[in-house]
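**Q** Handing over upload22.tsv, TSV, N, CA and C atoms.
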chain	number	residue	atom	x	y	z
I	1	MET	N	0.81	-1.17	0.00
I	1	MET	CA	0.00	0.00	0.00
I	1	MET	C	0.87	1.25	0.00
I	2	PHE	N	1.46	1.60	1.12
I	2	PHE	CA	2.38	2.73	1.19
I	2	PHE	C	3.80	2.20	1.26
I	3	SER	N	4.72	2.93	0.67
I	3	SER	CA	6.11	2.46	0.67
I	3	SER	C	7.03	3.45	1.39
I	4	PHE	N	6.56	4.02	2.48
I	4	PHE	CA	7.37	4.97	3.21
I	4	PHE	C	8.65	4.35	3.76
I	5	SER	N	8.58	3.14	4.19
I	5	SER	CA	9.73	2.52	4.84
I	5	SER	C	10.61	1.72	3.90
I	6	LYS	N	10.23	1.59	2.65
I	6	LYS	CA	11.02	0.79	1.73
I	6	LYS	C	12.24	1.57	1.28
I	7	LYS	N	13.40	0.92	1.39
I	7	LYS	CA	14.64	1.52	0.96
I	7	LYS	C	14.74	1.40	-0.56
I	8	LYS	N	15.03	2.49	-1.21
I	8	LYS	CA	15.18	2.44	-2.66
I	8	LYS	C	16.57	1.92	-2.98
I	9	THR	N	16.63	0.94	-3.87
I	9	THR	CA	17.90	0.34	-4.23
I	9	THR	C	18.12	0.48	-5.72
I	10	THR	N	19.33	0.84	-6.07
I	10	THR	CA	19.70	0.92	-7.47
I	10	THR	C	21.03	0.23	-7.65
I	11	GLY	N	21.25	-0.29	-8.82
I	11	GLY	CA	22.50	-0.96	-9.12
I	11	GLY	C	22.27	-2.31	-9.75
I	12	GLU	N	23.35	-3.03	-9.88
I	12	GLU	CA	23.29	-4.39	-10.43
I	12	GLU	C	23.02	-5.38	-9.32
I	13	THR	N	22.52	-6.54	-9.72
I	13	THR	CA	22.26	-7.61	-8.76
I	13	THR	C	23.14	-8.81	-9.09
I	14	ALA	N	23.76	-9.36	-8.06
I	14	ALA	CA	24.54	-10.59	-8.20
I	14	ALA	C	23.94	-11.64	-7.29
I	15	ASN	N	23.80	-12.84	-7.82
I	15	ASN	CA	23.28	-13.97	-7.04
I	15	ASN	C	24.36	-15.04	-6.95
I	16	PHE	N	24.59	-15.52	-5.74
I	16	PHE	CA	25.60	-16.54	-5.51
I	16	PHE	C	25.00	-17.72	-4.76
I	17	LYS	N	25.43	-18.92	-5.12
I	17	LYS	CA	25.09	-20.14	-4.37
I	17	LYS	C	26.23	-20.33	-3.37
I	18	ILE	N	25.86	-20.52	-2.09
I	18	ILE	CA	26.86	-20.60	-1.03
I	18	ILE	C	26.92	-22.02	-0.46
I	19	ASP	N	28.13	-22.53	-0.30
I	19	ASP	CA	28.35	-23.84	0.33
I	19	ASP	C	29.08	-23.63	1.65
I	20	GLY	N	28.72	-24.41	2.66
I	20	GLY	CA	29.46	-24.41	3.90
I	20	GLY	C	28.83	-23.64	5.05
I	21	MET	N	27.63	-23.10	4.86
I	21	MET	CA	26.97	-22.44	5.97
I	21	MET	C	26.40	-23.50	6.92
I	22	HIS	N	26.55	-23.24	8.23
I	22	HIS	CA	26.08	-24.20	9.23
I	22	HIS	C	24.89	-23.70	10.03
I	23	CYS	N	24.62	-22.39	9.97
I	23	CYS	CA	23.53	-21.83	10.76
I	23	CYS	C	23.19	-20.42	10.25
I	24	THR	N	22.19	-19.82	10.84
I	24	THR	CA	21.78	-18.48	10.40
I	24	THR	C	22.84	-17.44	10.73
I	25	SER	N	23.66	-17.68	11.72
I	25	SER	CA	24.75	-16.74	12.01
I	25	SER	C	25.73	-16.66	10.85
I	26	CYS	N	25.90	-17.76	10.15
I	26	CYS	CA	26.76	-17.76	8.96
I	26	CYS	C	26.22	-16.78	7.92
I	27	SER	N	24.92	-16.80	7.70
I	27	SER	CA	24.32	-15.90	6.71
I	27	SER	C	24.47	-14.44	7.16
I	28	MET	N	24.33	-14.18	8.45
I	28	MET	CA	24.50	-12.82	8.96
I	28	MET	C	25.95	-12.37	8.81
I	29	ASN	N	26.88	-13.28	9.00
I	29	ASN	CA	28.30	-12.98	8.85
I	29	ASN	C	28.61	-12.57	7.41
I	30	ILE	N	28.06	-13.29	6.45
I	30	ILE	CA	28.26	-12.96	5.04
I	30	ILE	C	27.68	-11.58	4.73
I	31	ASP	N	26.45	-11.33	5.16
I	31	ASP	CA	25.82	-10.04	4.91
I	31	ASP	C	26.61	-8.89	5.52
I	32	ASP	N	27.04	-9.06	6.77
I	32	ASP	CA	27.80	-8.00	7.43
I	32	ASP	C	29.09	-7.69	6.68
I	33	THR	N	29.78	-8.73	6.24
I	33	THR	CA	31.04	-8.55	5.52
I	33	THR	C	30.81	-7.84	4.19
I	34	LEU	N	29.82	-8.29	3.43
I	34	LEU	CA	29.56	-7.68	2.13
I	34	LEU	C	29.11	-6.23	2.25
I	35	GLU	N	28.29	-5.94	3.24
I	35	GLU	CA	27.76	-4.58	3.38
I	35	GLU	C	28.81	-3.59	3.86
I	36	GLU	N	29.97	-4.07	4.27
I	36	GLU	CA	31.09	-3.19	4.63
I	36	GLU	C	31.89	-2.76	3.40
I	37	ILE	N	31.67	-3.40	2.28
I	37	ILE	CA	32.41	-3.09	1.05
I	37	ILE	C	31.81	-1.86	0.38
I	38	ASP	N	32.68	-0.90	0.03
I	38	ASP	CA	32.21	0.29	-0.69
I	38	ASP	C	31.54	-0.14	-1.99
I	39	GLY	N	30.36	0.39	-2.23
I	39	GLY	CA	29.62	0.09	-3.45
I	39	GLY	C	28.52	-0.93	-3.26
I	40	VAL	N	28.51	-1.64	-2.13
I	40	VAL	CA	27.45	-2.60	-1.87
I	40	VAL	C	26.27	-1.86	-1.25
I	41	VAL	N	25.12	-1.95	-1.91
I	41	VAL	CA	23.90	-1.31	-1.42
I	41	VAL	C	23.24	-2.18	-0.37
I	42	SER	N	23.12	-3.48	-0.67
I	42	SER	CA	22.52	-4.41	0.28
I	42	SER	C	22.94	-5.84	-0.04
I	43	SER	N	22.86	-6.68	0.99
I	43	SER	CA	23.15	-8.09	0.85
I	43	SER	C	22.09	-8.86	1.62
I	44	ASN	N	21.58	-9.91	0.99
I	44	ASN	CA	20.55	-10.73	1.62
I	44	ASN	C	20.94	-12.20	1.43
I	45	THR	N	21.38	-12.82	2.52
I	45	THR	CA	21.80	-14.22	2.47
I	45	THR	C	20.76	-15.08	3.16
I	46	SER	N	20.38	-16.15	2.49
I	46	SER	CA	19.41	-17.10	3.04
I	46	SER	C	20.12	-18.39	3.40
I	47	TYR	N	20.15	-18.70	4.69
I	47	TYR	CA	20.73	-19.97	5.14
I	47	TYR	C	19.92	-21.14	4.57
I	48	ALA	N	18.59	-21.04	4.61
I	48	ALA	CA	17.72	-22.12	4.16
I	48	ALA	C	17.89	-22.42	2.67
I	49	LYS	N	18.08	-21.39	1.87
I	49	LYS	CA	18.23	-21.57	0.42
I	49	LYS	C	19.69	-21.68	-0.02
I	50	ALA	N	20.61	-21.36	0.89
I	50	ALA	CA	22.04	-21.37	0.60
I	50	ALA	C	22.38	-20.43	-0.56
I	51	THR	N	21.79	-19.22	-0.52
I	51	THR	CA	22.04	-18.24	-1.56
I	51	THR	C	22.30	-16.86	-0.96
I	52	THR	N	22.99	-16.04	-1.72
I	52	THR	CA	23.21	-14.64	-1.37
I	52	THR	C	22.84	-13.79	-2.58
I	53	THR	N	22.06	-12.74	-2.34
I	53	THR	CA	21.72	-11.77	-3.37
I	53	THR	C	22.31	-10.43	-2.93
I	54	VAL	N	23.12	-9.85	-3.81
I	54	VAL	CA	23.79	-8.59	-3.49
I	54	VAL	C	23.40	-7.55	-4.53
I	55	ILE	N	23.00	-6.37	-4.06
I	55	ILE	CA	22.77	-5.23	-4.94
I	55	ILE	C	23.97	-4.32	-4.75
I	56	PHE	N	24.61	-3.94	-5.87
I	56	PHE	CA	25.85	-3.18	-5.78
I	56	PHE	C	25.99	-2.18	-6.93
I	57	ASP	N	26.86	-1.21	-6.71
I	57	ASP	CA	27.18	-0.21	-7.72
I	57	ASP	C	28.38	-0.72	-8.51
I	58	PRO	N	28.20	-1.07	-9.79
I	58	PRO	CA	29.29	-1.67	-10.57
I	58	PRO	C	30.43	-0.70	-10.87
I	59	THR	N	30.23	0.58	-10.61
I	59	THR	CA	31.33	1.53	-10.80
I	59	THR	C	32.29	1.52	-9.61
I	60	LEU	N	31.87	0.91	-8.50
I	60	LEU	CA	32.69	0.87	-7.29
I	60	LEU	C	33.21	-0.51	-6.93
I	61	VAL	N	32.48	-1.54	-7.32
I	61	VAL	CA	32.87	-2.91	-6.96
I	61	VAL	C	32.34	-3.86	-8.04
I	62	ASP	N	33.03	-4.99	-8.22
I	62	ASP	CA	32.57	-5.96	-9.22
I	62	ASP	C	32.24	-7.30	-8.55
I	63	LYS	N	31.65	-8.18	-9.34
I	63	LYS	CA	31.22	-9.49	-8.81
I	63	LYS	C	32.39	-10.30	-8.29
I	64	ALA	N	33.54	-10.17	-8.93
I	64	ALA	CA	34.72	-10.92	-8.50
I	64	ALA	C	35.13	-10.52	-7.08
I	65	LYS	N	35.06	-9.25	-6.76
I	65	LYS	CA	35.40	-8.76	-5.41
I	65	LYS	C	34.40	-9.30	-4.38
I	66	LEU	N	33.11	-9.33	-4.75
I	66	LEU	CA	32.08	-9.86	-3.85
I	66	LEU	C	32.32	-11.34	-3.58
I	67	LYS	N	32.59	-12.08	-4.63
I	67	LYS	CA	32.85	-13.52	-4.49
I	67	LYS	C	34.09	-13.76	-3.63
I	68	SER	N	35.12	-12.98	-3.86
I	68	SER	CA	36.35	-13.11	-3.09
I	68	SER	C	36.11	-12.84	-1.61
I	69	ALA	N	35.30	-11.84	-1.29
I	69	ALA	CA	35.00	-11.51	0.10
I	69	ALA	C	34.30	-12.68	0.81
I	70	ILE	N	33.41	-13.35	0.10
I	70	ILE	CA	32.71	-14.51	0.68
I	70	ILE	C	33.69	-15.67	0.86
I	71	GLU	N	34.54	-15.89	-0.12
I	71	GLU	CA	35.52	-16.98	-0.04
I	71	GLU	C	36.51	-16.75	1.09
I	72	GLU	N	36.84	-15.48	1.38
I	72	GLU	CA	37.75	-15.18	2.48
I	72	GLU	C	37.15	-15.58	3.83
I	73	LEU	N	35.83	-15.69	3.89
I	73	LEU	CA	35.15	-16.15	5.10
I	73	LEU	C	35.12	-17.69	5.15
I	74	GLU	N	35.72	-18.32	4.15
I	74	GLU	CA	35.85	-19.77	4.03
I	74	GLU	C	34.54	-20.48	3.69
I	75	TYR	N	33.70	-19.81	2.87
I	75	TYR	CA	32.52	-20.44	2.31
I	75	TYR	C	32.77	-20.69	0.83
I	76	GLY	N	32.16	-21.73	0.30
I	76	GLY	CA	32.25	-21.98	-1.13
I	76	GLY	C	31.24	-21.12	-1.87
I	77	VAL	N	31.64	-20.65	-3.06
I	77	VAL	CA	30.76	-19.76	-3.83
I	77	VAL	C	30.70	-20.25	-5.27
I	78	GLU	N	29.48	-20.34	-5.78
I	78	GLU	CA	29.27	-20.71	-7.20
I	78	GLU	C	28.59	-19.56	-7.91
Please re-express this file's structure in structure tokens.

**A**
Amino acid sequence: MFSFSKKKTTGETANFKIDGMHCTSCSMNIDDTLEEIDGVVSSNTSYAKATTTVIFDPTLVDKAKLKSAIEELEYGVE
């Protein structure tokens, strides 16, 4: 109905399949790490689906950097 509280997001979307998550804290850890990167607008990781969706500004960061950040946390990324 009303969208007062909806955050407007612009940019490209990257979707990753994640291997190695053991709990919901793992998904929060991935989101926290990605959202610290300049150019990342938002990150939404689902433990149940084993996926991460990232909205980012491609002029500031690329998909390879996002994937690398997840791999540095020792999760597998496809």

**Q** What's the separation between atom CA of Cys26 of chain I and atom CA of Asn44 of chain I, in Å to one decimal place?

**A** 11.9 Å

**Q** Need the neighbours of (26.3, -21.0, -2.9): which residues are at most 7 Å away, counting only C-alpha atoms, as a compact mmCIF listing (two decimals) with N, CA and C atoms, keeping the file's coordinate frame?

**A**
# COMPACT_ATOMS: atom_id res chain seq x y z
N PHE I 16 24.59 -15.52 -5.74
CA PHE I 16 25.60 -16.54 -5.51
C PHE I 16 25.00 -17.72 -4.76
N LYS I 17 25.43 -18.92 -5.12
CA LYS I 17 25.09 -20.14 -4.37
C LYS I 17 26.23 -20.33 -3.37
N ILE I 18 25.86 -20.52 -2.09
CA ILE I 18 26.86 -20.60 -1.03
C ILE I 18 26.92 -22.02 -0.46
N ASP I 19 28.13 -22.53 -0.30
CA ASP I 19 28.35 -23.84 0.33
C ASP I 19 29.08 -23.63 1.65
N ALA I 50 20.61 -21.36 0.89
CA ALA I 50 22.04 -21.37 0.60
C ALA I 50 22.38 -20.43 -0.56
N THR I 51 21.79 -19.22 -0.52
CA THR I 51 22.04 -18.24 -1.56
C THR I 51 22.30 -16.86 -0.96
N GLY I 76 32.16 -21.73 0.30
CA GLY I 76 32.25 -21.98 -1.13
C GLY I 76 31.24 -21.12 -1.87
N VAL I 77 31.64 -20.65 -3.06
CA VAL I 77 30.76 -19.76 -3.83
C VAL I 77 30.70 -20.25 -5.27
N GLU I 78 29.48 -20.34 -5.78
CA GLU I 78 29.27 -20.71 -7.20
C GLU I 78 28.59 -19.56 -7.91

**Q** Go through I:Val61, I:Ala48, I:Ala69, I:Glu36 one by one, measure the shortest atom-to-atom distance of each to Thr24 of chain I using all atoms listed in the file, and give the residue with the smallest value.

**A** I:Ala48

**Q** In terms of the shortest atom-to-atom distance over all atoms listed in the file, which of I:Met21, I:Ile37, I:Asp32, I:Ser42 is closest to Tyr75 of chain I?

**A**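 Among the listed residues, the smallest separation from Tyr75 of chain I belongs to I:Met21.
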
**Q** Could you tell me which of I:Ala14, I:Ala64, I:Ile55, I:Cys23 comes closest to Gly39 of chain I if we count all atoms listed in the file?

**A**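 When distances to Gly39 of chain I are compared using all atoms listed in the file, the smallest one comes from I:Ile55.
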
**Q** Enter the distance from atom CA of Glu12 of chain I to atom N of Thr33 of chain I, in Å, rounded to one decimal.

**A** 18.4 Å

**Q** Build an axis-aligned box that encloses every atom of segment 13-31 of chain I listed in the file, pad it by 6 Å on each side, and report its centre and edge lengths in Å to one decimal, as lines of an AutoDock Vina configuration file.

**A**
center_x = 25.6
center_y = -15.5
center_z = 1.1
size_x = 19.7
size_y = 29.9
size_z = 33.7

**Q** May I ask for the distance between atom N of Leu66 of chain I and atom CA of Val40 of chain I, given in Å to one decimal place?

**A**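 Atom-to-atom, atom N of Leu66 of chain I to atom CA of Val40 of chain I, that is 9.3 Å.
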
**Q** Counting only N, CA and C atoms, which residue out of I:Leu34, I:Asn15, I:Glu74, I:Val41 sits closest to Phe56 of chain I?

**A**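 Going through I:Leu34, I:Asn15, I:Glu74, I:Val41 one by one, the smallest distance to Phe56 of chain I is for I:Val41.
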
**Q** How would you write, as number ranges by chain, the set of residues in chain I that DSSP gives as alpha helix (DSSP H)?

**A** I: 24-35, 63-72

**Q** Could you save the residues just selected, with N, CA and C atoms, as a short mmCIF file (atom, residue, chain, number, x, y, z; two decimals), in the frame of the given file?

**A**
data_model
loop_
_atom_site.label_atom_id
_atom_site.label_comp_id
_atom_site.auth_asym_id
_atom_site.auth_seq_id
_atom_site.Cartn_x
_atom_site.Cartn_y
_atom_site.Cartn_z
N THR I 24 22.19 -19.82 10.84
CA THR I 24 21.78 -18.48 10.40
C THR I 24 22.84 -17.44 10.73
N SER I 25 23.66 -17.68 11.72
CA SER I 25 24.75 -16.74 12.01
C SER I 25 25.73 -16.66 10.85
N CYS I 26 25.90 -17.76 10.15
CA CYS I 26 26.76 -17.76 8.96
C CYS I 26 26.22 -16.78 7.92
N SER I 27 24.92 -16.80 7.70
CA SER I 27 24.32 -15.90 6.71
C SER I 27 24.47 -14.44 7.16
N MET I 28 24.33 -14.18 8.45
CA MET I 28 24.50 -12.82 8.96
C MET I 28 25.95 -12.37 8.81
N ASN I 29 26.88 -13.28 9.00
CA ASN I 29 28.30 -12.98 8.85
C ASN I 29 28.61 -12.57 7.41
N ILE I 30 28.06 -13.29 6.45
CA ILE I 30 28.26 -12.96 5.04
C ILE I 30 27.68 -11.58 4.73
N ASP I 31 26.45 -11.33 5.16
CA ASP I 31 25.82 -10.04 4.91
C ASP I 31 26.61 -8.89 5.52
N ASP I 32 27.04 -9.06 6.77
CA ASP I 32 27.80 -8.00 7.43
C ASP I 32 29.09 -7.69 6.68
N THR I 33 29.78 -8.73 6.24
CA THR I 33 31.04 -8.55 5.52
C THR I 33 30.81 -7.84 4.19
N LEU I 34 29.82 -8.29 3.43
CA LEU I 34 29.56 -7.68 2.13
C LEU I 34 29.11 -6.23 2.25
N GLU I 35 28.29 -5.94 3.24
CA GLU I 35 27.76 -4.58 3.38
C GLU I 35 28.81 -3.59 3.86
N LYS I 63 31.65 -8.18 -9.34
CA LYS I 63 31.22 -9.49 -8.81
C LYS I 63 32.39 -10.30 -8.29
N ALA I 64 33.54 -10.17 -8.93
CA ALA I 64 34.72 -10.92 -8.50
C ALA I 64 35.13 -10.52 -7.08
N LYS I 65 35.06 -9.25 -6.76
CA LYS I 65 35.40 -8.76 -5.41
C LYS I 65 34.40 -9.30 -4.38
N LEU I 66 33.11 -9.33 -4.75
CA LEU I 66 32.08 -9.86 -3.85
C LEU I 66 32.32 -11.34 -3.58
N LYS I 67 32.59 -12.08 -4.63
CA LYS I 67 32.85 -13.52 -4.49
C LYS I 67 34.09 -13.76 -3.63
N SER I 68 35.12 -12.98 -3.86
CA SER I 68 36.35 -13.11 -3.09
C SER I 68 36.11 -12.84 -1.61
N ALA I 69 35.30 -11.84 -1.29
CA ALA I 69 35.00 -11.51 0.10
C ALA I 69 34.30 -12.68 0.81
N ILE I 70 33.41 -13.35 0.10
CA ILE I 70 32.71 -14.51 0.68
C ILE I 70 33.69 -15.67 0.86
N GLU I 71 34.54 -15.89 -0.12
CA GLU I 71 35.52 -16.98 -0.04
C GLU I 71 36.51 -16.75 1.09
N GLU I 72 36.84 -15.48 1.38
CA GLU I 72 37.75 -15.18 2.48
C GLU I 72 37.15 -15.58 3.83
#

**Q** Write out as a list in words the residues lying within 6 Å of Ser27 of chain I, counting all atoms listed in the file and excluding same-chain residues fewer than 5 positions away.

**A**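 Neighbouring residues, sequence-local ones excluded: Asp32, Thr45, Ser46 and Tyr47 of chain I.
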
**Q** Using all atoms listed in the file for the distances, tell me which of I:Asp38, I:Ser43, I:Glu71, I:Asp31 is nearest to Asp57 of chain I.

**A**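 Checking each of I:Asp38, I:Ser43, I:Glu71, I:Asp31 against Asp57 of chain I, counting all atoms listed in the file, the winner is I:Asp38.
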